[in-house]
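Chemist: Mind looking over this structure? Questions follow.
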Amino acid sequence: MISFLKVENLSKHFPVRTGIFHRKEHIVRAVQDVSFELEEGQTLALVGESGCGKTTLAWMLLKLIEPTSGRFWLNGQDVAELTGPDLRQYRTNVQAVFQDPWASLSPRMRVFDIVAEGLRLNDNLSDGAMTKRVDEALCSVGLRPDDGHKFPHEFSGGQRQRIAIASAIVQRPKLIILDEPVSALDVSIRSQIMNLFKDIQSEFGCSYVVVAHDLGTTRYMADRVAVMYLGSLVEFGSTDKMFDAPEHPYTQALLSAALPIQKSDDKPPIVLRGEVPSPVNPPSGCLFHPRCQSFIGDVCSSNAPNWRKSGSADHWVRCHIGTEWG
Amino acid sequence: MSNEPLLDVRNLTTVLDLAAGTMPVVDDVSFTVGRGETLGIVGESGSGKSMTANSIIQILPKKIGRIAGGKILFDGRDLSQFSDADLTKVRGREIAMILQDPHTSLNPVYTIGNQVIEALRLDDPRQPKRSLLGKAINVLKKMNVADAERRLHAFPHQMSGGMKQRVVGAIAFSSAPKLIIADEPTTALDVTIQLQYLQLLEGIQKNTGAAIIFITHDLGIVANLCHRLAVMYGGRIIESGTVKDVFAAPSHPYTQALLRSVPSIDTKVYRLYAIEGQPPPLTEEIAGCKFASRCPLATDVCRSHRPDPKPGRSGAVSHEASCWHLGETL
Amino acid sequence: MGRTARLSRFMLSVPGAAFIVLVIVLIIPALFADLIAPHDPYKANIRSRLEPPFLFGGTTEFILGTDRLGRDVFSRIIHGAKFALGISMVGILLGAVVGTALGLIAGFLRGWWDATIMRAVDITFALPSILLALALASVSGPSFELVIFVVIFVIWGYFARQVRAETLALRELDFVARARVLGASEYRIMWKYILPNIVNTIVVLGTLQIGVVIILEATLSFLGIGIPRPTPAWGLLVADGRQLIVSSWWISFFPGLAILLTVMSVNVLGDALRDVLDPKSRSV
């Protein structure tokens, strides 16, 4: 069976020049050898701290930046090889909602034009049919068709995010990339928007790739989670299994650093040493070893760990602990 | 030391004079902060939480912001009656401030050492800078700034956000303030860095006995860091009490809804509670409860009459909520 | 506030006063020169040479006096407004179009385009425009076309630089990324997403350039390489009175005053417009 979205060894390296005359060139490995699969109608969360490469990965899926190496397929089609009408089809199938609803809507376009843009570019619809589609999309996100005449600045943050969502769903895409879709919103608005995403998914059957740093959002939205650290995946699996029994020390630290409203246990939180190292000069061996609370010795600092299956099914982890090394 | 609180804010009202009219951004707000205590002020953008904090040391928008009523008793003195010159002596010394964005709260053209020493010299500007070097290093070390001696010569842009926020913290604590106002200090930081920072803050507070007002939208931080909290909505405090009481028995429908709308990381939730609608614009004059337009429990009295604080559901003395329907559960 | 109240408040402010001055000195004369001017600006009249202005020993017939050939200074200034307004409108419009298009391309497409266009800007800024005009005039002789060309040459770089800077900031915003995700072409993104967001800047910049252009036109005409005689361009009028400045000061003084008032009010208006249209540069 062909998987819906398949990503294989995707990498993105950025050259950075330093020094007064920009003569020294370094490579930043923003994303390094990332592979995963996603089934249709499911939600995958990319989780990690700033600089871990989750947004770069999402932008590659959106074809906003080209991968340095690796490939990915949507419904069995190699996305890198798409041209002409197939590329156009990809543009309608894959949509995005960005973090900041103040930056993601052009201030000089009316809401109707913002929502209709995708249809104008990719479909040949009559004016009447287009208006109908736009009105439907506005209604699906809880706005009124009248709102189409207004400009974005007449709306609050939550409503603006609804406009962005309407413009993402108007072409009935199969995959929507959500880049921190609620983190710029107020607490009381976040749950409205998260619920809206769930409603849209059950109505249209689309899949989501959510970029998130908030673990509560992740647990609520995602079926599967990919944890990233310094450009690499370190743990991947079903959300429930990973939140209930995280195996990678970084995931454990991340979960314990989240400050829940109700503490479920009195375990003291894991406080990590230091900060995320520079991706220009990543650590040897396991990328996480300089900060790892479960560091087990030379193997961590000299050998990069391979993927291994965790105790439960549908859950993989990249750590020496639990292998013959550990 | 007496039993009276360090800060006693009574019926504070702060307004902005805009072209469209006078806008009460802080509307008859009263609260206290005890010595060595941490008070969390929770609210969404536009709830007036930052304006409340800014009113205490009166850093309001120039020309349009002013305190229209109430008292701000700090250590027995009413700050609302202070002249600008007197306030300058309080700011940065007795009351220090940590702001959200570490990238803009440090001056990019001065070294870290320069800025820390500048803060240390506030008390006596004649002190030679050299003599304060050791003290500056100490201050930075207290905030766990690694490699403090070398960092003195670093510029802000050479440091990470987390490290800069520690420097800001070090500057805030350098004058041994009695009160620190922290306005969303960790919002720009990653979770693991946030945890490091909050633990540091807690540790230093224990050592110095400073009180903290922690302004945040994050209920998780309040639950884990603060002793007491005040929930703000539309410029008013709608519920206040100890963290334990309020989280165990949230009484105002807004507080209840807020707690239920935050997704848990421990259990799978299938449907989150969502508060429909959005906060009313502050320019709108509302006679009754400001939450009434979004509240499923609202009745006519809510829309016409402003509720006064009443004992909350926990029954504890300090727990109060302003709602006409305290008996009902959302 | 009602519309009338807002209007009267504006009229009483400094920009409002500047606006009124501009309308009186530049716009009404330029539009209705033939109706207002009491005399033919080109017609010499030997009998009434060097008449002083009214109140300075002259009569109401020549309210601002006459020049060496007996032409009415007032009428010549009125007709001169046509050329001041016309040349600045056409020159700025063309300069803005050229500068905006190139700035947009430089800022949005970057790379080779950016490097080439920005070097061209540097070169135009480095070349002294007066010398360029002198060189060109020595080949083709003074003409309207030459003035327009020099105006475009002098101002397009300001538009290109400013538009490029704003484009660089705008192209990083998510709404541009969103347009790409939707499949919009580079051309469409520039035209429909970036350009509408910099129109305000262009308008403000254009207004502020009016003063520059009027001065430039006057300078070129004064030097005899701008608008050819006997056209009553303001710069030429000032030049006409050059030798008689001590005895018959009014020949140069009143055209000079017209230039001064126009340029000052345009600049005040431009600053006010910037505060309204361009919130980024507003000082808080």
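The chains in the structure tokens are called A, B, ... from first to last as shown; in each chain the residues are counted from 1, and the ligands are counted from 1 in the order shown.
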Mind the document's chain letters and residue numbers, and return as a list in words the residues of range 67-222 of chain B that DSSP labels strand (DSSP E).
Modeler: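 For range 67-222 of chain B, the strand (DSSP E) set is Ile67, Ala68, Gly69, Gly70, Lys71, Ile72, Leu73, Phe74, Arg77, Asp78, Ile95, Ala96, Met97, Ile98, Leu179, Ile180, Ile181, Ala182, Asp183, Ala211, Ile212, Ile213, Phe214, Ile215 and Thr216 of chain B.
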Chemist: Those same residues - N, CA and C atoms - I'd like them written as a PDB file, in the first residue's frame.
Modeler:
```
ATOM      1  N   ILE B  67      -3.386  57.566  36.282  1.00  0.00           N
ATOM      2  CA  ILE B  67      -4.120  56.913  37.356  1.00  0.00           C
ATOM      3  C   ILE B  67      -5.281  57.832  37.730  1.00  0.00           C
ATOM      4  N   ALA B  68      -6.494  57.299  37.636  1.00  0.00           N
ATOM      5  CA  ALA B  68      -7.662  58.144  37.849  1.00  0.00           C
ATOM      6  C   ALA B  68      -8.225  57.990  39.258  1.00  0.00           C
ATOM      7  N   GLY B  69      -7.735  57.002  39.994  1.00  0.00           N
ATOM      8  CA  GLY B  69      -8.258  56.852  41.341  1.00  0.00           C
ATOM      9  C   GLY B  69      -7.606  55.695  42.055  1.00  0.00           C
ATOM     10  N   GLY B  70      -7.736  55.672  43.369  1.00  0.00           N
ATOM     11  CA  GLY B  70      -7.230  54.561  44.154  1.00  0.00           C
ATOM     12  C   GLY B  70      -5.893  54.857  44.794  1.00  0.00           C
ATOM     13  N   LYS B  71      -5.459  53.907  45.638  1.00  0.00           N
ATOM     14  CA  LYS B  71      -4.205  54.067  46.359  1.00  0.00           C
ATOM     15  C   LYS B  71      -3.277  52.913  46.026  1.00  0.00           C
ATOM     16  N   ILE B  72      -1.983  53.203  46.014  1.00  0.00           N
ATOM     17  CA  ILE B  72      -0.978  52.164  45.831  1.00  0.00           C
ATOM     18  C   ILE B  72      -0.050  52.248  47.034  1.00  0.00           C
ATOM     19  N   LEU B  73      -0.382  51.534  48.093  1.00  0.00           N
ATOM     20  CA  LEU B  73       0.429  51.616  49.306  1.00  0.00           C
ATOM     21  C   LEU B  73       1.571  50.622  49.220  1.00  0.00           C
ATOM     22  N   PHE B  74       2.781  51.143  49.106  1.00  0.00           N
ATOM     23  CA  PHE B  74       3.963  50.287  49.040  1.00  0.00           C
ATOM     24  C   PHE B  74       4.803  50.563  50.275  1.00  0.00           C
ATOM     25  N   ARG B  77       3.820  53.688  52.036  1.00  0.00           N
ATOM     26  CA  ARG B  77       3.746  54.973  51.339  1.00  0.00           C
ATOM     27  C   ARG B  77       2.828  54.852  50.127  1.00  0.00           C
ATOM     28  N   ASP B  78       2.103  55.913  49.824  1.00  0.00           N
ATOM     29  CA  ASP B  78       1.185  55.862  48.685  1.00  0.00           C
ATOM     30  C   ASP B  78       1.895  56.317  47.415  1.00  0.00           C
ATOM     31  N   ILE B  95      11.630  48.637  43.758  1.00  0.00           N
ATOM     32  CA  ILE B  95      10.797  47.826  42.867  1.00  0.00           C
ATOM     33  C   ILE B  95      11.539  47.674  41.542  1.00  0.00           C
ATOM     34  N   ALA B  96      11.810  46.415  41.157  1.00  0.00           N
ATOM     35  CA  ALA B  96      12.513  46.189  39.897  1.00  0.00           C
ATOM     36  C   ALA B  96      11.560  45.507  38.925  1.00  0.00           C
ATOM     37  N   MET B  97      11.905  45.604  37.660  1.00  0.00           N
ATOM     38  CA  MET B  97      11.002  45.071  36.642  1.00  0.00           C
ATOM     39  C   MET B  97      11.755  44.161  35.674  1.00  0.00           C
ATOM     40  N   ILE B  98      11.127  43.036  35.327  1.00  0.00           N
ATOM     41  CA  ILE B  98      11.667  42.149  34.290  1.00  0.00           C
ATOM     42  C   ILE B  98      10.611  42.063  33.199  1.00  0.00           C
ATOM     43  N   LEU B 179      10.385  44.318  45.856  1.00  0.00           N
ATOM     44  CA  LEU B 179       9.345  43.784  44.968  1.00  0.00           C
ATOM     45  C   LEU B 179       9.887  43.711  43.546  1.00  0.00           C
ATOM     46  N   ILE B 180       9.612  42.576  42.914  1.00  0.00           N
ATOM     47  CA  ILE B 180       9.980  42.446  41.511  1.00  0.00           C
ATOM     48  C   ILE B 180       8.714  42.233  40.699  1.00  0.00           C
ATOM     49  N   ILE B 181       8.556  43.026  39.661  1.00  0.00           N
ATOM     50  CA  ILE B 181       7.421  42.839  38.776  1.00  0.00           C
ATOM     51  C   ILE B 181       7.942  42.154  37.528  1.00  0.00           C
ATOM     52  N   ALA B 182       7.499  40.927  37.302  1.00  0.00           N
ATOM     53  CA  ALA B 182       7.959  40.156  36.149  1.00  0.00           C
ATOM     54  C   ALA B 182       6.800  40.040  35.171  1.00  0.00           C
ATOM     55  N   ASP B 183       6.926  40.715  34.025  1.00  0.00           N
ATOM     56  CA  ASP B 183       5.845  40.745  33.044  1.00  0.00           C
ATOM     57  C   ASP B 183       6.137  39.731  31.937  1.00  0.00           C
ATOM     58  N   ALA B 211       9.433  40.032  47.170  1.00  0.00           N
ATOM     59  CA  ALA B 211       8.119  39.623  46.693  1.00  0.00           C
ATOM     60  C   ALA B 211       8.113  39.722  45.175  1.00  0.00           C
ATOM     61  N   ILE B 212       7.293  38.897  44.535  1.00  0.00           N
ATOM     62  CA  ILE B 212       7.235  38.922  43.071  1.00  0.00           C
ATOM     63  C   ILE B 212       5.788  39.039  42.621  1.00  0.00           C
ATOM     64  N   ILE B 213       5.571  39.932  41.667  1.00  0.00           N
ATOM     65  CA  ILE B 213       4.293  39.915  40.946  1.00  0.00           C
ATOM     66  C   ILE B 213       4.599  39.329  39.587  1.00  0.00           C
ATOM     67  N   PHE B 214       3.999  38.185  39.315  1.00  0.00           N
ATOM     68  CA  PHE B 214       4.298  37.481  38.080  1.00  0.00           C
ATOM     69  C   PHE B 214       3.098  37.604  37.149  1.00  0.00           C
ATOM     70  N   ILE B 215       3.300  38.343  36.063  1.00  0.00           N
ATOM     71  CA  ILE B 215       2.197  38.565  35.132  1.00  0.00           C
ATOM     72  C   ILE B 215       2.307  37.556  34.005  1.00  0.00           C
ATOM     73  N   THR B 216       1.255  36.824  33.747  1.00  0.00           N
ATOM     74  CA  THR B 216       1.351  35.768  32.748  1.00  0.00           C
ATOM     75  C   THR B 216      -0.019  35.418  32.208  1.00  0.00           C
TER      76      THR B 216
END
```
Chemist: With a cut-off of 10 Å and counting only C-alpha atoms, select all residues of chain B in contact with chain C and give the selection as a PyMOL selection string.
Modeler: chain B and resi 19-20+61-62
Chemist: Please return, as an MDAnalysis selection string, all residues of range 50-281 of chain C that DSSP assigns to helix (DSSP H, G or I) on the basis of the backbone.
Modeler: chainID C and resid 60:62 73:109 111:126 129:140 144:170 174:181 186:222 234:240 242:244 250:277 279:281
Chemist: Pick out the residues sitting within 9 Å of Tyr250 in chain A, and hand them over as an MDAnalysis selection string; count only C-alpha atoms, and ignore anything fewer than 3 positions along from it in its own chain.
Modeler: chainID A and resid 227 229 234:235 246:247 253:255 272 288 291:293
Chemist: Could those residues be written to a file, using N, CA and C atoms, as a compact mmCIF listing (two decimals), in the first residue's frame?
Modeler:
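Saved as again.txt:
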```
# COMPACT_ATOMS: atom_id res chain seq x y z
N VAL A 227 9.56 13.96 17.72
CA VAL A 227 10.31 14.89 18.55
C VAL A 227 11.64 15.20 17.85
N TYR A 229 15.40 17.28 17.73
CA TYR A 229 16.43 17.97 18.51
C TYR A 229 17.59 18.26 17.57
N VAL A 234 14.45 12.40 17.22
CA VAL A 234 15.00 11.55 18.27
C VAL A 234 13.98 10.53 18.77
N GLU A 235 12.70 10.83 18.57
CA GLU A 235 11.68 9.87 18.98
C GLU A 235 10.46 10.07 18.10
N PRO A 246 7.52 8.17 27.61
CA PRO A 246 8.57 8.67 26.73
C PRO A 246 9.87 7.91 27.00
N GLU A 247 10.61 7.59 25.93
CA GLU A 247 11.83 6.80 26.14
C GLU A 247 13.10 7.60 25.93
N ALA A 253 12.65 15.00 29.36
CA ALA A 253 12.91 16.33 29.93
C ALA A 253 11.89 17.35 29.44
N LEU A 254 11.56 17.25 28.15
CA LEU A 254 10.61 18.17 27.56
C LEU A 254 9.25 18.05 28.25
N LEU A 255 8.83 16.81 28.45
CA LEU A 255 7.53 16.59 29.10
C LEU A 255 7.56 17.06 30.54
N LEU A 272 17.34 20.47 32.56
CA LEU A 272 18.47 20.16 31.69
C LEU A 272 19.62 21.12 31.94
N PHE A 288 22.38 14.84 21.70
CA PHE A 288 21.84 15.31 22.98
C PHE A 288 22.81 15.07 24.14
N ARG A 291 23.86 17.42 27.22
CA ARG A 291 22.85 17.89 28.16
C ARG A 291 22.09 16.74 28.81
N CYS A 292 22.43 15.53 28.41
CA CYS A 292 21.58 14.39 28.77
C CYS A 292 21.68 14.06 30.25
N GLN A 293 20.50 13.89 30.86
CA GLN A 293 20.46 13.54 32.28
C GLN A 293 20.69 12.04 32.49
```
Chemist: For chain C, list the residues within 9 Å of chain A, counting only C-alpha atoms, and write the list as number ranges by chain.
Modeler: C: 173-184, 192-194, 196-197
Chemist: Suppose we keep C-alpha atoms; can you now write the selection as a PDB file, in the first residue's frame?
Modeler:
```
ATOM      1  CA  LEU C 173       6.211  38.053   6.111  1.00  0.00           C
ATOM      2  CA  ASP C 174       4.001  35.027   6.254  1.00  0.00           C
ATOM      3  CA  PHE C 175       1.432  36.383   3.852  1.00  0.00           C
ATOM      4  CA  VAL C 176       4.025  36.141   1.107  1.00  0.00           C
ATOM      5  CA  ALA C 177       4.814  32.566   2.126  1.00  0.00           C
ATOM      6  CA  ARG C 178       1.085  31.876   2.105  1.00  0.00           C
ATOM      7  CA  ALA C 179       0.764  33.275  -1.415  1.00  0.00           C
ATOM      8  CA  ARG C 180       3.559  30.948  -2.529  1.00  0.00           C
ATOM      9  CA  VAL C 181       1.834  27.991  -0.923  1.00  0.00           C
ATOM     10  CA  LEU C 182      -1.263  28.903  -2.930  1.00  0.00           C
ATOM     11  CA  GLY C 183       0.848  28.828  -6.071  1.00  0.00           C
ATOM     12  CA  ALA C 184       1.046  32.546  -6.829  1.00  0.00           C
ATOM     13  CA  LYS C 192      -0.806  41.974  -5.642  1.00  0.00           C
ATOM     14  CA  TYR C 193       0.895  41.405  -2.292  1.00  0.00           C
ATOM     15  CA  ILE C 194       3.942  43.647  -2.012  1.00  0.00           C
ATOM     16  CA  PRO C 196      -0.309  47.535  -2.343  1.00  0.00           C
ATOM     17  CA  ASN C 197       1.551  47.553   0.948  1.00  0.00           C
TER      18      ASN C 197
END
```
Chemist: Using only C-alpha atoms, what table do you get, as JSON lines, when you list each residue of chain A with an atom no more than 6 Å from chain B, its nearest pair of atoms, and their distance in Å rounded to one decimal, rows by chain then rising number?
Modeler:
```
{"residue": "A:Glu49", "atom": "CA", "partner": "B:Asp190", "partner_atom": "CA", "distance": 5.8}
{"residue": "A:Asp186", "atom": "CA", "partner": "B:Glu44", "partner_atom": "CA", "distance": 5.7}
{"residue": "A:Ser188", "atom": "CA", "partner": "B:Ile275", "partner_atom": "CA", "distance": 5.9}
{"residue": "A:Ser191", "atom": "CA", "partner": "B:Ala274", "partner_atom": "CA", "distance": 5.1}
{"residue": "A:Gln192", "atom": "CA", "partner": "B:Ala274", "partner_atom": "CA", "distance": 5.1}
{"residue": "A:Gly216", "atom": "CA", "partner": "B:Ile265", "partner_atom": "CA", "distance": 4.8}
{"residue": "A:Arg219", "atom": "CA", "partner": "B:Ile265", "partner_atom": "CA", "distance": 5.9}
{"residue": "A:Ala257", "atom": "CA", "partner": "B:Thr192", "partner_atom": "CA", "distance": 5.5}
{"residue": "A:Leu259", "atom": "CA", "partner": "B:Gly220", "partner_atom": "CA", "distance": 4.8}
{"residue": "A:Pro260", "atom": "CA", "partner": "B:Gly220", "partner_atom": "CA", "distance": 4.8}
{"residue": "A:Ile261", "atom": "CA", "partner": "B:Gly220", "partner_atom": "CA", "distance": 4.6}
```
Chemist: Which is closer to Cys139 in chain A than all the others in A:Glu324, A:Arg308, A:Ile169, A:Arg17, using only C-alpha atoms?
Modeler: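 Once distances to Cys139 in chain A are computed over only C-alpha atoms, the minimum belongs to A:Ile169.
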Chemist: One decimal, in Å: what's the spacing between CA of Phe72 in chain A and CA of Val7 in chain A?
Modeler: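 Here the two named atoms are 4.3 Å from each other.
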Chemist: With only C-alpha atoms as the counted atoms, please give the residues lying no more than 12 Å from range 137-140 of chain B, apart from itself and same-chain residues fewer than 4 positions off, as JSON, numbers by chain.
Modeler: {"B": [112, 113, 114, 115, 116, 117, 119, 120, 130, 131, 132, 133, 144, 145, 146, 147, 148, 149, 150, 151, 152, 153, 163, 164, 165, 166, 167, 168, 169, 170, 171, 172, 173, 174, 175, 176, 200, 204]}
Chemist: Neighbours of Ile77 in chain C within 8 Å (only C-alpha atoms; same-chain residues fewer than 2 positions away dropped), as JSON, numbers by chain?
Modeler: {"C": [73, 74, 75, 79, 80, 81, 232, 233, 234, 237, 254, 255, 258]}
Chemist: Emit the selected residues as an mmCIF file, in the first residue's frame, including N, CA and C atoms.
Modeler:
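This is the output file selection.cif:
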```
data_model
loop_
_atom_site.group_PDB
_atom_site.id
_atom_site.type_symbol
_atom_site.label_atom_id
_atom_site.label_comp_id
_atom_site.auth_asym_id
_atom_site.auth_seq_id
_atom_site.Cartn_x
_atom_site.Cartn_y
_atom_site.Cartn_z
ATOM 1 N N VAL C 73 4.718 90.998 -13.785
ATOM 2 C CA VAL C 73 5.344 89.958 -12.954
ATOM 3 C C VAL C 73 4.283 89.017 -12.375
ATOM 4 N N PHE C 74 3.172 89.596 -11.919
ATOM 5 C CA PHE C 74 2.104 88.789 -11.327
ATOM 6 C C PHE C 74 1.592 87.751 -12.328
ATOM 7 N N SER C 75 1.318 88.198 -13.554
ATOM 8 C CA SER C 75 0.800 87.269 -14.561
ATOM 9 C C SER C 75 1.828 86.196 -14.893
ATOM 10 N N HIS C 79 1.313 82.143 -14.495
ATOM 11 C CA HIS C 79 1.520 81.170 -15.568
ATOM 12 C C HIS C 79 2.671 80.231 -15.249
ATOM 13 N N GLY C 80 3.662 80.730 -14.495
ATOM 14 C CA GLY C 80 4.795 79.885 -14.113
ATOM 15 C C GLY C 80 4.356 78.702 -13.277
ATOM 16 N N ALA C 81 3.267 78.867 -12.481
ATOM 17 C CA ALA C 81 2.784 77.775 -11.641
ATOM 18 C C ALA C 81 2.434 76.552 -12.477
ATOM 19 N N PRO C 232 7.470 81.596 -18.937
ATOM 20 C CA PRO C 232 7.612 82.194 -17.612
ATOM 21 C C PRO C 232 7.822 81.166 -16.500
ATOM 22 N N ALA C 233 8.828 80.288 -16.598
ATOM 23 C CA ALA C 233 9.120 79.362 -15.505
ATOM 24 C C ALA C 233 9.715 80.147 -14.342
ATOM 25 N N TRP C 234 9.399 79.707 -13.096
ATOM 26 C CA TRP C 234 9.806 80.476 -11.922
ATOM 27 C C TRP C 234 11.310 80.708 -11.854
ATOM 28 N N LEU C 237 12.213 83.442 -14.134
ATOM 29 C CA LEU C 237 11.781 84.747 -13.637
ATOM 30 C C LEU C 237 12.798 85.292 -12.642
ATOM 31 N N PHE C 254 9.416 88.251 -6.060
ATOM 32 C CA PHE C 254 8.121 87.582 -5.989
ATOM 33 C C PHE C 254 8.147 86.149 -6.542
ATOM 34 N N PRO C 255 8.822 85.912 -7.672
ATOM 35 C CA PRO C 255 8.938 84.492 -8.090
ATOM 36 C C PRO C 255 9.676 83.653 -7.041
ATOM 37 N N ALA C 258 7.335 82.769 -4.359
ATOM 38 C CA ALA C 258 6.435 81.696 -4.790
ATOM 39 C C ALA C 258 7.112 80.339 -4.636
#
```
Chemist: Ile27 in chain C: which residues within 8 Å, counting only C-alpha atoms, same-chain residues fewer than 4 positions away excluded, as a ChimeraX atom specification?
Modeler: /C:22-23,31,81,85
Chemist: Keeping only all heavy atoms, write the selected residues as an mmCIF file, in the first residue's frame.
Modeler:
```
data_model
loop_
_atom_site.group_PDB
_atom_site.id
_atom_site.type_symbol
_atom_site.label_atom_id
_atom_site.label_comp_id
_atom_site.auth_asym_id
_atom_site.auth_seq_id
_atom_site.Cartn_x
_atom_site.Cartn_y
_atom_site.Cartn_z
ATOM 1 N N LEU C 22 -0.575 76.168 -0.434
ATOM 2 C CA LEU C 22 -0.260 75.432 -1.652
ATOM 3 C C LEU C 22 -1.362 75.622 -2.692
ATOM 4 O O LEU C 22 -1.087 75.823 -3.877
ATOM 5 C CB LEU C 22 -0.110 73.944 -1.302
ATOM 6 C CG LEU C 22 0.574 73.109 -2.371
ATOM 7 C CD1 LEU C 22 2.015 73.541 -2.510
ATOM 8 C CD2 LEU C 22 0.492 71.643 -2.018
ATOM 9 N N VAL C 23 -2.600 75.570 -2.224
ATOM 10 C CA VAL C 23 -3.725 75.737 -3.151
ATOM 11 C C VAL C 23 -3.680 77.125 -3.768
ATOM 12 O O VAL C 23 -3.848 77.292 -4.978
ATOM 13 C CB VAL C 23 -5.064 75.506 -2.404
ATOM 14 C CG1 VAL C 23 -6.239 75.965 -3.267
ATOM 15 C CG2 VAL C 23 -5.219 74.037 -2.045
ATOM 16 N N LEU C 31 -4.124 75.796 -12.501
ATOM 17 C CA LEU C 31 -5.317 75.315 -13.194
ATOM 18 C C LEU C 31 -6.052 76.433 -13.933
ATOM 19 O O LEU C 31 -6.627 76.191 -14.977
ATOM 20 C CB LEU C 31 -6.263 74.635 -12.200
ATOM 21 C CG LEU C 31 -5.721 73.366 -11.527
ATOM 22 C CD1 LEU C 31 -6.747 72.803 -10.554
ATOM 23 C CD2 LEU C 31 -5.361 72.314 -12.589
ATOM 24 N N ALA C 81 3.267 78.867 -12.481
ATOM 25 C CA ALA C 81 2.784 77.775 -11.641
ATOM 26 C C ALA C 81 2.434 76.552 -12.477
ATOM 27 O O ALA C 81 2.639 75.417 -12.052
ATOM 28 C CB ALA C 81 1.566 78.241 -10.832
ATOM 29 N N LEU C 85 3.996 73.004 -11.508
ATOM 30 C CA LEU C 85 3.145 71.864 -11.171
ATOM 31 C C LEU C 85 3.277 70.762 -12.216
ATOM 32 O O LEU C 85 3.453 69.585 -11.888
ATOM 33 C CB LEU C 85 1.686 72.329 -11.071
ATOM 34 C CG LEU C 85 0.705 71.275 -10.552
ATOM 35 C CD1 LEU C 85 0.979 70.973 -9.095
ATOM 36 C CD2 LEU C 85 -0.739 71.750 -10.725
#
```
Chemist: Tell me which protein, DNA and RNA residues are within 12 Å of Arg229 in chain C, counting only C-alpha atoms, leaving out same-chain ones fewer than 3 positions away, and put them as an MDAnalysis selection string.
Modeler: chainID C and resid 42 80 141:144 221:226 232:237 239:240
